[in-house]
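Participant: One structure coming up, written as structure tokens, with questions to follow.
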Amino acid sequence: MTQKVLSKNGNEPPAVNAAPPKQPAIKPLPDDALIIIPMRNTVLFPGVISPITVGRIQSVSAAQEAVRSEKKIGFLLQRDPQTNDVQPSDLYWVGTAGQVVRYITGAEGTHHLVVQGQSRFRVLEFLPGWPYLVARVQMVSQKEDSNPEIEARFLQLKAQAVEAIGLLPSAPEELTVVVQGMTSPALLADMVANLLDIKNEDKQDLLETFDLKRRLDKVLEHLSERVGVLRISKEIGDKTKKEFDERQREHVLREQMRQIQKELGEGEDTAAELEELKKAIADAGMPDEVHKHAVKEFKRLQRMGEGSAEGSMLRTYLEWLAELPWKESSVQEIDIAKARQILDEDHYGLDKIKRRILEHLAVRKLNPEGKSPILCFVGPPGVGKTSLGQSIARATGRKFQRIALGGVHDEAEIRGHRRTYIGALPGNVIQAIRRAESRTCVLMFDEIDKLGQGGFHGDPSSALLEVLDPEQNSKFRDNYLGVDFDLSKVMFITTANMLDTIPGPLRDRMEIIQLPGYTEEEKLEIAKRYLVKRQLDANGLKPEQVTVSEDTLRSVIRDYTREAGVRTLEREIGAVLRHVAMRIAEGAKEKIVIEPKDLHGILGAKRFESELAERTSVPGVATGLAWTSVGGDILFIEASRTPGTGKLILTGQLGEVMKESAQAALTLAKVFTAQTLEKTDIHIHVPAGATPKDGPSAGVAMFLSLISLLTAKSIRADVAMTGEISLRGLVLPIGGVKEKTLAALRAGIKTVMLPKRNEKDLEDVPAEAREKLEFVFLERVEEAIRTAIGELPAPGERKAA
Ligand SMILES: Nc1ncnc2c1ncn2[C@@H]1O[C@H](COP(=O)(O)OP(=O)(O)OP(=O)(O)O)[C@@H](O)[C@H]1O
Ligand SMILES: [Mg+2]
């Protein structure tokens, strides 16, 4: 008798002559033993419910015995699905124990189980003496300790899984809800692993990856590969469908339109429009080759007759061609003196930066055909990168356009889609050129550091490289246009928050100009000269109606903002003036004067006032200085102790390097305080913000926070520090001195401790900061203790502390 496998899994083609199960006297199983069923084609995962068909006589009796005695079954994958008479060496030794939830005897003598996977196990040894396989096993328990690393992967996996479900035409929609509601990373990983369309060996590998983080990583990798494939196939499917739908729709609409036009007697309009397009093409000043191409396409359009979908696409295309600024608008010669005046008009301070810009312009002026590098402004938000670009445009008499690159993942966003795509358009470079109506404009690429990495849609950074490369950009070819457009006269400027993430080849083409941020005095000047005026205009107020005193501005800067740039400052000034506008609208007649005491009522409680003193009042808290993409910032490092076993616990999204430096700090602190801390756990936390922090430069601060904790003496509130430490107690140099110093000044710090070897970097620090801050240069950590905490008791007394 031959039978068909019924189960979709088809694990167990039924054995020939499946005999009815016997009921022999069976000796009891040891406690740590499981009845084993070998699987030809299925890997069962914990938490997953799966139908399984059994056919081999041993498997059938194993299943029946398990059901009868209410025991779990261990399911193990066979190395070779063809093997019939399975020996222990034919099996993988890691599997999943599962409970049979239903047992169905099929019509043709087949046996179906519905099993629920419960937990992973590892085989210790197989035991002889049963009519089926039996093994002593060790259960692998899954600790569900969540930490940020797991959590991040969990969220990513969820998102990917939801996307995958959306892409699968056959997947039930409820599945999305199920996935979204899941709270256990381990369960989700196993569920996805079960559903993945991958080789059984790979599934087995996932089963054998006990470490949850690594398992999540592996599952994510498989899944994203799968999602990639699904996306492409869906795209292909969608496109064909959409193309069809839209063509039909458009056709119907055009037909209706023609009827309406006929009724209204406007039939000749299209002819006139075509005539207009023809004239526009003739006048556009296209290069010969492009013109020939356009004329040819135009004739095709005429032949095509009105109304067809293709005709309308072709017409849009020709309109694009005709509207591009092919003609070279004359560029006025750069007048350096006038340019300087305009830069000064638009921006306060920034002397060094303005000088570099003028130098750049001078070089261009002397050698207009030369290949000058591209300016790249790098700095925190709100320091004036974009507005400097606008100012340069004004100073050189060019139009200004900007293109945001943040999150651009697809090459087509820069270079356009081919015309064969329904709804295709040129890329954002050509679009910006059309908006500018001039190909001698200033084109600013914003956030070049946030440019997405190339996926399977092509690498946007290589397209950008082509745009910026003077060797290639005179023949830039947008996919939609399909003809060359000369970008060589465009003046490109780029901006970024950080240097590190700018793709290397791009960075090589650029002249980097750094804008570190402003001091309080500079901000005050910017506010007085620019921001208040602008916000007065924006709120429809006249200077006669309101005065915002200098002290008020200073208080806004000091108590309500903590930023390198002036963006929040401008916003808060806006809020103050809106309040004034309201009072005037309500009937106030006299000139309104805003004093610092009024701010509380308008902007709420001071935001940054007492944080320093409050935070550092307890022992164990040190004020560190960090360098981030938004400029420098202060950060509080908090250490605390609990009874324990000598562990070091680190929280606050710290990177690997920072974790190592915490270890080093602890070791050093133990040496210094002569404490072994065998019965104590130390917890170091770096709060504030979800920004991941990394780097060794918090070494001194972590060390001091520990010393402060272990000696129960607080650290001076007005001291901030940065520096790497060595295990021998040396203080090693760090980066970002300028930004960190400015941050300290903003936060109201009086003394900044820096590594001795960074002393030379003070040159770059603005004079205001150098005057207002006291600097202590550290060679060794003892000096840091002395400055920030005071003398430590002599080693003999330390232990008592
Ligand atoms: N030195 C300055 N003088 C006058 N105004 C300034 C100065 N610096 C910045 N501003 C003003 O601050 C505001 C923010 O500047 P801008 O938009 O250029 O910042 P950005 O550096 O481009 O920031 P992001 O990185 O967020 O794009 C603008 O209104 C700008 O005019
Ligand atoms: Mg900007």
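Here, A, B, ... name the chains of the structure tokens in the order displayed, residue numbers run from 1 inside each chain, and ligands are numbered from 1 in the same displayed order.
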Find the spatial neighbours of His685 of chain A, counting only C-alpha atoms, within a cut-off of 7 Å - ignore same-chain residues fewer than 5 positions away - and output them as a ChimeraX atom specification.

Facilitator: /A:637-639,650-652

Participant: For the residues in that selection, give me N, CA, C and O atoms as an mmCIF file, in the first residue's frame.

Facilitator:
```
data_model
loop_
_atom_site.group_PDB
_atom_site.id
_atom_site.type_symbol
_atom_site.label_atom_id
_atom_site.label_comp_id
_atom_site.auth_asym_id
_atom_site.auth_seq_id
_atom_site.Cartn_x
_atom_site.Cartn_y
_atom_site.Cartn_z
ATOM 1 N N ILE A 637 27.631 62.226 34.865
ATOM 2 C CA ILE A 637 27.932 60.810 35.038
ATOM 3 C C ILE A 637 27.646 60.456 36.484
ATOM 4 O O ILE A 637 28.189 61.087 37.400
ATOM 5 N N GLU A 638 26.767 59.500 36.672
ATOM 6 C CA GLU A 638 26.322 59.176 38.025
ATOM 7 C C GLU A 638 26.786 57.779 38.406
ATOM 8 O O GLU A 638 26.553 56.830 37.682
ATOM 9 N N ALA A 639 27.435 57.694 39.569
ATOM 10 C CA ALA A 639 27.825 56.381 40.063
ATOM 11 C C ALA A 639 27.081 56.107 41.356
ATOM 12 O O ALA A 639 26.861 57.020 42.157
ATOM 13 N N LEU A 650 26.547 49.048 33.774
ATOM 14 C CA LEU A 650 26.627 50.285 32.996
ATOM 15 C C LEU A 650 25.326 50.493 32.247
ATOM 16 O O LEU A 650 24.844 49.597 31.585
ATOM 17 N N THR A 651 24.761 51.688 32.357
ATOM 18 C CA THR A 651 23.532 51.960 31.605
ATOM 19 C C THR A 651 23.602 53.338 30.980
ATOM 20 O O THR A 651 24.420 54.163 31.361
ATOM 21 N N GLY A 652 22.716 53.559 30.011
ATOM 22 C CA GLY A 652 22.658 54.858 29.342
ATOM 23 C C GLY A 652 23.160 54.800 27.918
ATOM 24 O O GLY A 652 23.719 55.751 27.411
#
```

Participant: Enumerate as a PyMOL selection string the residues within 8 Å of ligand 1, counting only C-alpha atoms and all ligand atoms.

Facilitator: chain A and resi 346-350+379-389+446-447+495-497+522+526-527+529-531+565-567+570

Participant: What does the file look like for those residues with N, CA, C and O atoms, as a CSV table (one decimal), in the first residue's frame?

Facilitator:
```csv
chain,number,residue,atom,x,y,z
A,346,ASP,N,24.6,90.0,6.4
A,346,ASP,CA,23.7,88.9,6.7
A,346,ASP,C,24.1,88.2,8.0
A,346,ASP,O,23.2,87.5,8.6
A,347,HIS,N,25.4,88.2,8.4
A,347,HIS,CA,25.8,87.4,9.5
A,347,HIS,C,26.7,88.2,10.4
A,347,HIS,O,27.6,88.8,10.0
A,348,TYR,N,26.5,88.0,11.7
A,348,TYR,CA,27.3,88.6,12.7
A,348,TYR,C,28.5,87.6,12.9
A,348,TYR,O,28.4,86.4,12.9
A,349,GLY,N,29.7,88.2,13.2
A,349,GLY,CA,30.9,87.4,13.6
A,349,GLY,C,31.3,86.5,12.4
A,349,GLY,O,31.3,86.9,11.3
A,350,LEU,N,31.7,85.3,12.8
A,350,LEU,CA,32.2,84.3,11.8
A,350,LEU,C,33.3,84.8,10.9
A,350,LEU,O,33.4,84.5,9.7
A,379,GLY,N,28.8,71.7,10.9
A,379,GLY,CA,28.6,72.2,12.3
A,379,GLY,C,27.2,71.8,12.8
A,379,GLY,O,26.4,71.3,12.1
A,380,PRO,N,27.0,72.1,14.1
A,380,PRO,CA,25.7,71.8,14.7
A,380,PRO,C,24.5,72.5,14.1
A,380,PRO,O,24.8,73.5,13.4
A,381,PRO,N,23.3,72.1,14.4
A,381,PRO,CA,22.1,72.8,13.9
A,381,PRO,C,22.1,74.3,14.3
A,381,PRO,O,22.5,74.6,15.4
A,382,GLY,N,21.6,75.1,13.4
A,382,GLY,CA,21.3,76.5,13.8
A,382,GLY,C,22.5,77.4,13.9
A,382,GLY,O,22.4,78.5,14.5
A,383,VAL,N,23.6,77.0,13.3
A,383,VAL,CA,24.8,77.9,13.4
A,383,VAL,C,25.0,78.7,12.1
A,383,VAL,O,25.9,79.5,12.0
A,384,GLY,N,24.1,78.5,11.2
A,384,GLY,CA,24.1,79.4,10.0
A,384,GLY,C,24.6,78.8,8.8
A,384,GLY,O,25.0,79.6,7.8
A,385,LYS,N,24.6,77.5,8.7
A,385,LYS,CA,25.2,76.9,7.5
A,385,LYS,C,24.3,77.2,6.2
A,385,LYS,O,24.8,77.7,5.2
A,386,THR,N,23.0,76.9,6.4
A,386,THR,CA,22.1,77.2,5.3
A,386,THR,C,22.1,78.7,4.9
A,386,THR,O,22.2,79.1,3.8
A,387,SER,N,22.0,79.5,6.0
A,387,SER,CA,21.9,80.9,5.7
A,387,SER,C,23.1,81.5,5.1
A,387,SER,O,23.1,82.5,4.3
A,388,LEU,N,24.3,80.9,5.4
A,388,LEU,CA,25.5,81.4,4.8
A,388,LEU,C,25.5,81.1,3.3
A,388,LEU,O,25.9,81.9,2.4
A,389,GLY,N,24.9,79.9,3.0
A,389,GLY,CA,24.8,79.6,1.5
A,389,GLY,C,23.9,80.6,0.8
A,389,GLY,O,24.2,81.0,-0.3
A,446,ASP,N,21.9,69.9,1.4
A,446,ASP,CA,21.9,69.9,2.9
A,446,ASP,C,22.0,68.5,3.4
A,446,ASP,O,21.5,67.5,2.9
A,447,GLU,N,22.7,68.4,4.6
A,447,GLU,CA,22.7,67.1,5.3
A,447,GLU,C,23.4,66.0,4.5
A,447,GLU,O,22.9,64.9,4.4
A,495,THR,N,26.2,70.9,3.1
A,495,THR,CA,26.3,71.1,4.6
A,495,THR,C,26.2,69.8,5.3
A,495,THR,O,25.7,68.8,4.7
A,496,ALA,N,26.7,69.7,6.5
A,496,ALA,CA,26.7,68.5,7.3
A,496,ALA,C,26.7,68.8,8.8
A,496,ALA,O,27.3,69.9,9.1
A,497,ASN,N,26.2,68.0,9.6
A,497,ASN,CA,26.4,68.1,11.0
A,497,ASN,C,27.7,67.5,11.5
A,497,ASN,O,28.3,67.9,12.4
A,522,GLU,N,28.3,86.3,21.6
A,522,GLU,CA,28.0,86.2,20.1
A,522,GLU,C,26.5,86.0,19.9
A,522,GLU,O,25.9,86.7,19.1
A,526,ILE,N,23.9,88.4,17.9
A,526,ILE,CA,23.1,87.9,16.8
A,526,ILE,C,21.6,88.2,17.1
A,526,ILE,O,20.8,88.6,16.3
A,527,ALA,N,21.2,88.0,18.4
A,527,ALA,CA,19.8,88.2,18.7
A,527,ALA,C,19.5,89.7,18.5
A,527,ALA,O,18.5,90.0,17.9
A,529,ARG,N,20.9,92.0,16.7
A,529,ARG,CA,21.0,92.5,15.4
A,529,ARG,C,20.0,91.9,14.4
A,529,ARG,O,19.6,92.5,13.4
A,530,TYR,N,19.8,90.6,14.6
A,530,TYR,CA,19.0,89.8,13.6
A,530,TYR,C,17.7,89.2,14.0
A,530,TYR,O,16.7,89.4,13.5
A,531,LEU,N,17.9,88.4,15.1
A,531,LEU,CA,16.7,87.6,15.4
A,531,LEU,C,15.5,88.4,15.9
A,531,LEU,O,14.4,88.1,15.5
A,565,GLY,N,24.0,76.5,18.3
A,565,GLY,CA,23.5,77.5,17.3
A,565,GLY,C,22.5,78.5,18.0
A,565,GLY,O,22.5,78.7,19.2
A,566,VAL,N,21.7,79.1,17.2
A,566,VAL,CA,20.7,80.0,17.7
A,566,VAL,C,19.3,79.7,17.3
A,566,VAL,O,18.4,80.6,17.3
A,567,ARG,N,19.0,78.5,16.9
A,567,ARG,CA,17.7,78.2,16.4
A,567,ARG,C,16.7,78.2,17.5
A,567,ARG,O,15.6,78.9,17.4
A,570,GLU,N,16.0,81.8,18.6
A,570,GLU,CA,15.1,82.5,17.7
A,570,GLU,C,13.7,82.1,18.0
A,570,GLU,O,12.8,82.9,18.1
```

Participant: Leaving out Ile374 of chain A and any residue of its chain fewer than 4 positions from it, which residues lie within 12 Å of it when counting only C-alpha atoms, given as number ranges by chain?

Facilitator: A: 357, 360-361, 364, 370, 442-445, 465, 467-470, 490-495, 506-513

Participant: Can you pull out every residue within 9 Å of segment 397-410 of chain A, counting only C-alpha atoms, but drop anything in the same chain fewer than 2 positions away, and send it as a ChimeraX atom specification?

Facilitator: /A:331-334,386,389-390,392-395,412-414,428-429,432-433,435-438,440-461,491

Participant: DSSP on the backbone, alpha helix (DSSP H) only: what residues of segment 134-377 of chain A does that give? Format it as a ChimeraX atom specification.

Facilitator: /A:148-167,174-181,185-195,200-208,212-264,269-283,288-304,309-323,336-346,351-366

Participant: Could you state the separation of atom CA of Lys523 of chain A and atom CA of Ile557 of chain A in Å, given to one decimal place?

Facilitator: 7.5 Å

Participant: Would you please work out which residue, of A:Glu359, A:Glu310, A:His600, A:Gln431, is nearest to Leu324 of chain A when using only C-alpha atoms?

Facilitator: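 Smallest distance to Leu324 of chain A is found for A:Gln431.
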
Participant: Taking 2 positions as the minimum chain separation for residues in the same chain, which residues sit within 8 Å of Leu710 of chain A when counting only C-alpha atoms? Answer as a short mmCIF file (atom, residue, chain, number, x, y, z; two decimals) with all heavy atoms, in the first residue's frame.

Facilitator:
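Output file selection-v2.cif follows:
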```cif
data_model
loop_
_atom_site.label_atom_id
_atom_site.label_comp_id
_atom_site.auth_asym_id
_atom_site.auth_seq_id
_atom_site.Cartn_x
_atom_site.Cartn_y
_atom_site.Cartn_z
N GLY A 620 29.21 61.19 43.91
CA GLY A 620 29.05 60.19 42.86
C GLY A 620 28.63 60.77 41.52
O GLY A 620 28.46 60.05 40.57
N THR A 673 41.38 54.13 46.27
CA THR A 673 40.70 54.19 47.56
C THR A 673 41.01 52.97 48.39
O THR A 673 40.50 52.81 49.49
CB THR A 673 39.17 54.24 47.35
OG1 THR A 673 38.81 53.13 46.53
CG2 THR A 673 38.76 55.52 46.66
N LEU A 706 33.46 57.94 40.57
CA LEU A 706 33.69 56.78 41.44
C LEU A 706 34.43 57.17 42.71
O LEU A 706 34.07 56.76 43.82
CB LEU A 706 34.47 55.70 40.68
CG LEU A 706 33.67 55.00 39.58
CD1 LEU A 706 34.57 54.20 38.67
CD2 LEU A 706 32.59 54.10 40.20
N ILE A 707 35.46 58.00 42.53
CA ILE A 707 36.20 58.46 43.71
C ILE A 707 35.25 59.21 44.64
O ILE A 707 35.24 59.00 45.86
CB ILE A 707 37.37 59.39 43.29
CG1 ILE A 707 38.40 58.60 42.49
CG2 ILE A 707 38.00 60.06 44.50
CD1 ILE A 707 39.24 57.66 43.30
N SER A 708 34.43 60.06 44.04
CA SER A 708 33.50 60.83 44.84
C SER A 708 32.53 59.91 45.59
O SER A 708 32.27 60.08 46.78
CB SER A 708 32.74 61.79 43.91
OG SER A 708 31.53 62.19 44.46
N ALA A 712 32.65 59.42 49.51
CA ALA A 712 31.49 60.16 50.01
C ALA A 712 31.71 61.67 50.03
O ALA A 712 31.22 62.37 50.91
CB ALA A 712 31.06 59.65 51.38
N ALA A 801 36.90 55.47 54.83
CA ALA A 801 35.96 56.41 54.21
C ALA A 801 34.72 55.71 53.67
O ALA A 801 34.76 54.57 53.29
CB ALA A 801 36.65 57.15 53.07
#
```

Participant: Between atom CA of Thr42 of chain A and atom CA of Val67 of chain A, what is the spacing in Å?

Facilitator: 20.4 Å
